[in-house]
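query-v3.cif (mmCIF, C-alpha atoms) appears below.
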data_upload
#
loop_
_atom_site.group_PDB
_atom_site.id
_atom_site.type_symbol
_atom_site.label_atom_id
_atom_site.label_comp_id
_atom_site.auth_asym_id
_atom_site.auth_seq_id
_atom_site.Cartn_x
_atom_site.Cartn_y
_atom_site.Cartn_z
ATOM 1 C CA ILE A 1 11.344 -3.072 31.074
ATOM 2 C CA LEU A 2 8.959 -3.359 28.179
ATOM 3 C CA GLN A 3 8.999 -6.740 26.460
ATOM 4 C CA ILE A 4 7.347 -7.447 23.123
ATOM 5 C CA SER A 5 7.385 -10.445 20.831
ATOM 6 C CA TYR A 6 9.317 -10.501 17.572
ATOM 7 C CA ASP A 7 6.031 -10.358 15.632
ATOM 8 C CA HIS A 8 4.979 -7.212 17.494
ATOM 9 C CA PHE A 9 8.452 -5.748 17.077
ATOM 10 C CA TYR A 10 8.242 -6.270 13.319
ATOM 11 C CA VAL A 11 4.759 -4.731 13.007
ATOM 12 C CA LEU A 12 5.828 -1.700 15.058
ATOM 13 C CA TYR A 13 9.058 -1.394 13.106
ATOM 14 C CA CYS A 14 7.125 -1.333 9.815
ATOM 15 C CA LYS A 15 4.725 1.329 11.145
ATOM 16 C CA PHE A 16 7.666 3.418 12.332
ATOM 17 C CA TRP A 17 9.551 2.969 9.040
ATOM 18 C CA GLU A 18 6.518 4.224 7.087
ATOM 19 C CA LEU A 19 6.410 7.374 9.213
ATOM 20 C CA ASP A 20 10.187 7.962 9.196
ATOM 21 C CA HIS A 21 10.569 9.597 5.780
ATOM 22 C CA ASP A 22 14.346 10.069 5.918
ATOM 23 C CA HIS A 23 14.901 6.711 7.709
ATOM 24 C CA ASP A 24 17.153 8.141 10.404
ATOM 25 C CA PHE A 25 15.297 6.190 13.138
ATOM 26 C CA MET A 26 13.713 9.371 14.469
ATOM 27 C CA ILE A 27 10.407 10.987 13.606
ATOM 28 C CA ASN A 28 9.325 14.555 14.123
ATOM 29 C CA LYS A 29 5.888 15.837 15.074
ATOM 30 C CA GLU A 30 4.783 16.215 11.459
ATOM 31 C CA GLU A 31 5.774 12.648 10.559
ATOM 32 C CA PHE A 32 4.188 11.272 13.732
ATOM 33 C CA SER A 33 0.928 13.101 12.980
ATOM 34 C CA ALA A 34 0.354 10.713 10.078
ATOM 35 C CA TYR A 35 0.115 7.781 12.514
ATOM 36 C CA SER A 36 -2.915 5.604 11.751
ATOM 37 C CA ASN A 37 -4.127 7.869 8.952
ATOM 38 C CA TYR A 38 -4.015 11.017 11.108
ATOM 39 C CA ALA A 39 -6.208 9.479 13.823
ATOM 40 C CA LEU A 40 -4.812 11.580 16.660
ATOM 41 C CA THR A 41 -5.762 15.198 17.132
ATOM 42 C CA SER A 42 -3.070 17.839 16.759
ATOM 43 C CA ARG A 43 -3.563 18.765 20.417
ATOM 44 C CA VAL A 44 -2.783 15.207 21.453
ATOM 45 C CA VAL A 45 0.263 15.094 19.176
ATOM 46 C CA ASP A 46 1.451 18.373 20.696
ATOM 47 C CA ARG A 47 1.105 16.938 24.212
ATOM 48 C CA ILE A 48 3.024 13.806 23.229
ATOM 49 C CA PHE A 49 5.840 15.905 21.749
ATOM 50 C CA ASP A 50 5.765 18.181 24.798
ATOM 51 C CA GLN A 51 6.617 14.901 26.551
ATOM 52 C CA ALA A 52 3.648 15.266 28.896
ATOM 53 C CA PRO A 53 2.992 11.534 29.205
ATOM 54 C CA ARG A 54 6.601 10.363 29.222
ATOM 55 C CA ARG A 55 10.032 11.848 28.624
ATOM 56 C CA PHE A 56 11.462 10.813 25.274
ATOM 57 C CA LEU A 57 14.543 8.637 25.224
ATOM 58 C CA CYS A 58 15.640 10.371 22.026
ATOM 59 C CA GLU A 59 18.312 12.953 22.712
ATOM 60 C CA ARG A 60 17.455 15.156 19.719
ATOM 61 C CA ARG A 61 14.986 17.836 20.670
ATOM 62 C CA GLY A 62 11.631 17.579 18.912
ATOM 63 C CA MET A 63 12.271 14.025 17.746
ATOM 64 C CA MET A 64 10.786 10.685 18.760
ATOM 65 C CA SER A 65 12.954 7.574 18.615
ATOM 66 C CA TYR A 66 11.795 4.074 17.729
ATOM 67 C CA ARG A 67 11.866 3.160 21.447
ATOM 68 C CA ASP A 68 9.670 6.177 22.238
ATOM 69 C CA PHE A 69 7.324 5.095 19.458
ATOM 70 C CA ILE A 70 7.039 1.604 20.948
ATOM 71 C CA TRP A 71 6.000 3.091 24.302
ATOM 72 C CA PHE A 72 3.374 5.176 22.529
ATOM 73 C CA CYS A 73 2.032 2.206 20.526
ATOM 74 C CA VAL A 74 1.743 -0.019 23.576
ATOM 75 C CA ALA A 75 -0.232 2.723 25.366
ATOM 76 C CA GLU A 76 -2.330 3.355 22.240
ATOM 77 C CA GLU A 77 -3.281 -0.264 21.616
ATOM 78 C CA ASP A 78 -4.076 -1.299 25.203
ATOM 79 C CA LYS A 79 -5.589 1.682 26.933
ATOM 80 C CA THR A 80 -6.886 -0.502 29.770
ATOM 81 C CA SER A 81 -3.525 -1.211 31.423
ATOM 82 C CA PRO A 82 -2.619 0.980 34.426
ATOM 83 C CA THR A 83 0.526 2.247 32.657
ATOM 84 C CA ALA A 84 -1.429 3.178 29.534
ATOM 85 C CA LEU A 85 -4.159 4.872 31.557
ATOM 86 C CA GLU A 86 -1.553 7.001 33.307
ATOM 87 C CA TYR A 87 0.089 7.803 29.938
ATOM 88 C CA TRP A 88 -3.189 9.022 28.423
ATOM 89 C CA PHE A 89 -4.325 10.774 31.592
ATOM 90 C CA ARG A 90 -1.157 12.898 31.534
ATOM 91 C CA ILE A 91 -1.857 13.799 27.900
ATOM 92 C CA MET A 92 -5.413 14.835 28.682
ATOM 93 C CA ASP A 93 -4.565 16.693 31.911
ATOM 94 C CA ILE A 94 -3.647 19.899 30.080
ATOM 95 C CA ASP A 95 -2.935 21.969 33.195
ATOM 96 C CA ASN A 96 -1.196 19.104 35.039
ATOM 97 C CA ASP A 97 -3.353 19.448 38.145
ATOM 98 C CA GLY A 98 -4.128 15.742 38.523
ATOM 99 C CA LEU A 99 -7.726 15.930 37.325
ATOM 100 C CA LEU A 100 -9.657 16.221 34.101
ATOM 101 C CA SER A 101 -12.078 19.129 34.170
ATOM 102 C CA ALA A 102 -14.951 19.794 31.797
ATOM 103 C CA TYR A 103 -12.828 22.616 30.375
ATOM 104 C CA GLU A 104 -10.003 20.217 29.428
ATOM 105 C CA LEU A 105 -12.422 17.686 27.958
ATOM 106 C CA GLU A 106 -14.145 20.378 25.912
ATOM 107 C CA TYR A 107 -10.773 21.692 24.732
ATOM 108 C CA LEU A 108 -9.805 18.208 23.519
ATOM 109 C CA TYR A 109 -13.230 17.353 22.102
ATOM 110 C CA SER A 110 -13.593 20.614 20.163
ATOM 111 C CA GLU A 111 -10.956 19.434 17.711
ATOM 112 C CA GLN A 112 -12.716 16.082 17.332
ATOM 113 C CA LEU A 113 -15.933 17.969 16.619
ATOM 114 C CA THR A 114 -14.296 20.073 13.906
ATOM 115 C CA ARG A 115 -12.807 16.979 12.320
ATOM 116 C CA MET A 116 -16.196 15.217 12.342
ATOM 117 C CA GLU A 117 -17.770 18.239 10.650
ATOM 118 C CA ASN A 118 -15.051 18.162 7.983
ATOM 119 C CA LEU A 119 -15.814 14.481 7.350
ATOM 120 C CA ALA A 120 -19.562 15.153 7.259
ATOM 121 C CA ALA A 121 -19.909 12.610 10.069
ATOM 122 C CA GLU A 122 -22.819 12.676 12.465
ATOM 123 C CA ILE A 123 -22.075 15.309 15.101
ATOM 124 C CA VAL A 124 -22.355 14.568 18.804
ATOM 125 C CA THR A 125 -22.366 17.764 20.845
ATOM 126 C CA PHE A 126 -19.975 18.228 23.727
ATOM 127 C CA ASP A 127 -22.836 18.417 26.234
ATOM 128 C CA ASP A 128 -24.074 15.000 25.075
ATOM 129 C CA ILE A 129 -20.551 13.547 25.136
ATOM 130 C CA LEU A 130 -19.894 14.920 28.614
ATOM 131 C CA CYS A 131 -23.126 13.409 29.905
ATOM 132 C CA GLN A 132 -22.320 10.025 28.312
ATOM 133 C CA MET A 133 -18.754 10.047 29.621
ATOM 134 C CA LEU A 134 -19.798 10.946 33.172
ATOM 135 C CA ASP A 135 -22.350 8.111 33.070
ATOM 136 C CA MET A 136 -19.664 5.757 31.775
ATOM 137 C CA VAL A 137 -16.858 6.717 34.160
ATOM 138 C CA LYS A 138 -19.020 7.395 37.228
ATOM 139 C CA PRO A 139 -16.462 9.695 38.879
ATOM 140 C CA VAL A 140 -16.516 10.077 42.645
ATOM 141 C CA ASP A 141 -16.591 13.854 42.150
ATOM 142 C CA ILE A 142 -18.888 14.836 39.263
ATOM 143 C CA THR A 143 -16.912 18.059 38.699
ATOM 144 C CA ALA A 144 -13.661 16.229 37.864
ATOM 145 C CA ILE A 145 -12.331 12.912 36.634
ATOM 146 C CA TYR A 146 -9.308 11.504 38.434
ATOM 147 C CA ILE A 147 -6.983 8.706 37.334
ATOM 148 C CA SER A 148 -8.546 6.501 40.034
ATOM 149 C CA ASP A 149 -11.943 6.993 38.334
ATOM 150 C CA LEU A 150 -10.529 5.800 35.013
ATOM 151 C CA LYS A 151 -8.820 2.805 36.625
ATOM 152 C CA ARG A 152 -12.210 1.727 38.007
ATOM 153 C CA CYS A 153 -13.983 2.281 34.693
ATOM 154 C CA LYS A 154 -14.464 -0.795 32.490
ATOM 155 C CA GLN A 155 -14.577 1.368 29.360
ATOM 156 C CA ALA A 156 -11.690 3.751 29.993
ATOM 157 C CA ASP A 157 -10.421 3.058 26.486
ATOM 158 C CA VAL A 158 -13.678 4.384 24.999
ATOM 159 C CA PHE A 159 -13.430 7.463 27.215
ATOM 160 C CA ILE A 160 -9.846 8.178 26.090
ATOM 161 C CA ASN A 161 -10.551 7.526 22.403
ATOM 162 C CA THR A 162 -13.494 9.940 22.509
ATOM 163 C CA PHE A 163 -11.093 12.805 23.127
ATOM 164 C CA THR A 164 -7.904 11.638 21.427
ATOM 165 C CA ASN A 165 -8.406 9.256 18.488
ATOM 166 C CA LEU A 166 -11.010 10.133 15.866
ATOM 167 C CA ASN A 167 -10.859 6.810 14.020
ATOM 168 C CA LYS A 168 -11.450 4.749 17.162
ATOM 169 C CA PHE A 169 -14.099 7.149 18.431
ATOM 170 C CA LEU A 170 -16.062 6.998 15.158
ATOM 171 C CA SER A 171 -15.663 3.232 15.037
ATOM 172 C CA PHE A 172 -17.226 2.991 18.487
ATOM 173 C CA GLU A 173 -19.979 5.490 17.693
ATOM 174 C CA THR A 174 -20.989 3.713 14.474
ATOM 175 C CA ARG A 175 -20.821 0.126 15.777
ATOM 176 C CA ASP A 176 -23.885 -2.049 15.549
ATOM 177 C CA PRO A 177 -25.169 -2.314 19.133
ATOM 178 C CA PHE A 178 -26.930 -5.601 18.352
ATOM 179 C CA LEU A 179 -23.643 -7.280 17.371
ATOM 180 C CA VAL A 180 -22.136 -6.382 20.756
ATOM 181 C CA TYR A 181 -24.545 -8.729 22.531
ATOM 182 C CA GLN A 182 -24.202 -11.691 20.165
#

Target format structure tokens, applied to this file:
Amino acid sequence: ILQISYDHFYVLYCKFWELDHDHDFMINKEEFSAYSNYALTSRVVDRIFDQAPRRFLCERRGMMSYRDFIWFCVAEEDKTSPTALEYWFRIMDIDNDGLLSAYELEYLYSEQLTRMENLAAEIVTFDDILCQMLDMVKPVDITAIYISDLKRCKQADVFINTFTNLNKFLSFETRDPFLVYQ
């Protein structure tokens, strides 16, 4: 059972209400896409609405309920918890084989790359990202990343954001490295 404080409930309710244009307590894929100023890639949104990470509680096909939204937000805001890591791993594991291959990471990152180009942001090539992510995660098998690798990684949230959330990825990429150590 997921428990949240009243303050968190209210913040999440307001975010949901802003997305729910007809205020029927359900949001569709298009409405959900606007979450956090369109931070998530369309491929990630598709995977969420395919119910890859978690079956929706909403009974209407193609709709996300407020309770489903809460589960998403908890996973989105604390990507270091085991439950959140499993949620995001299932989103990123496109072929559902229990591992993240370079192909899947490139598939997810290619949309991030296009979005960065559209924003005239500094481009980081996939080869550079893959090298950085492998150094960060230190997978047991260099040809694949398993959920156990992410659970050991101290920066799993950075890894996930690199492929799923443009706003958080760019925020990390443009941080001042000198402020991190102060």

(message) Just checking: using only C-alpha atoms, which residue out of A:Tyr146, A:Phe56, A:Met63, A:Glu86 ends up closest to A:Phe32?
(response) A:Met63

(message) Need to verify the contact set: A:Ser42, 10 Å, all atoms listed in the file, exclusion of same-chain residues closer than 2 positions in sequence. Can you return it as JSON, numbers by chain?
(response) {"A": [29, 30, 33, 38, 39, 40, 44, 45, 46, 47, 48, 108, 111, 112, 164]}

(message) When you count only C-alpha atoms, which of these residues is closest to A:Leu105: A:Asn167, A:Arg43, A:Glu59, A:Tyr6?
(response)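 Among the listed residues, the smallest separation from A:Leu105 belongs to A:Arg43.
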
(request) Apply the PyMOL selection byres ((chain A and resi 134-140) around 9) to the displayed file and report the matching residues as a PyMOL selection string. (result) chain A and resi 129-133+141-146+148-150+152-156+159

I need the residue set behind the PyMOL selection byres ((chain A and resi 12-22) around 8) for this file; please write it as a compact mmCIF listing (two decimals) with C-alpha atoms, in the coordinates of the input.
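Resulting contents of selection_7.txt:
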# COMPACT_ATOMS: atom_id res chain seq x y z
CA HIS A 8 4.98 -7.21 17.49
CA PHE A 9 8.45 -5.75 17.08
CA TYR A 10 8.24 -6.27 13.32
CA VAL A 11 4.76 -4.73 13.01
CA HIS A 23 14.90 6.71 7.71
CA ASP A 24 17.15 8.14 10.40
CA PHE A 25 15.30 6.19 13.14
CA MET A 26 13.71 9.37 14.47
CA ILE A 27 10.41 10.99 13.61
CA GLU A 31 5.77 12.65 10.56
CA PHE A 32 4.19 11.27 13.73
CA ALA A 34 0.35 10.71 10.08
CA TYR A 35 0.12 7.78 12.51
CA TYR A 66 11.80 4.07 17.73
CA PHE A 69 7.32 5.10 19.46
CA ILE A 70 7.04 1.60 20.95
CA CYS A 73 2.03 2.21 20.53

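Look at everything within 12 Å of (-16.5, 15.8, 13.4) using all atoms listed in the file, and the residues you get are Thr41, Tyr109, Ser110, Glu111, Gln112, Leu113, Thr114, Arg115, Met116, Glu117, Asn118, Leu119, Ala120, Ala121, Glu122, Ile123, Val124, Thr125, Phe126, Thr162, Phe163, Asn165, Leu166, Asn167, Phe169, Leu170 and Glu173 of chain A.
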
(message) What does the structure give for the distance between atom CA of A:Arg67 and atom CA of A:Asp50, in Å to one decimal?
(response)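 Taking atom CA of A:Arg67 as the start and atom CA of A:Asp50 as the end point, the length is 16.6 Å.
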
(request) Take the PyMOL selection byres ((chain A and resi 84) around 12), apply it to the structure above, and return the hits as a list in words. (result) Pro53, Arg54, Trp71, Phe72, Cys73, Val74, Ala75, Glu76, Glu77, Asp78, Lys79, Thr80, Ser81, Pro82, Thr83, Leu85, Glu86, Tyr87, Trp88, Phe89, Arg90, Ile91, Ile147, Leu150, Lys151, Ala156, Asp157 and Ile160 of chain A

(message) I'd like the interatomic distance between atom CA of A:Ser5 and atom CA of A:Arg61, to a tenth of an Å.
(response) 29.3 Å

(request) Please measure the separation of atom CA of A:Ala52 and atom CA of A:Ile4, giving the value in Å to one decimal. (result)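 Going from atom CA of A:Ala52 over to atom CA of A:Ile4, I get 23.7 Å.
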
Centre and size of axis-aligned box enclosing stretch 150-164 of chain A plus 5 Å each side, as AutoDock Vina command-line options:
--center_x -11.2 --center_y 6.0 --center_z 29.7 --size_x 16.7 --size_y 23.6 --size_z 26.6
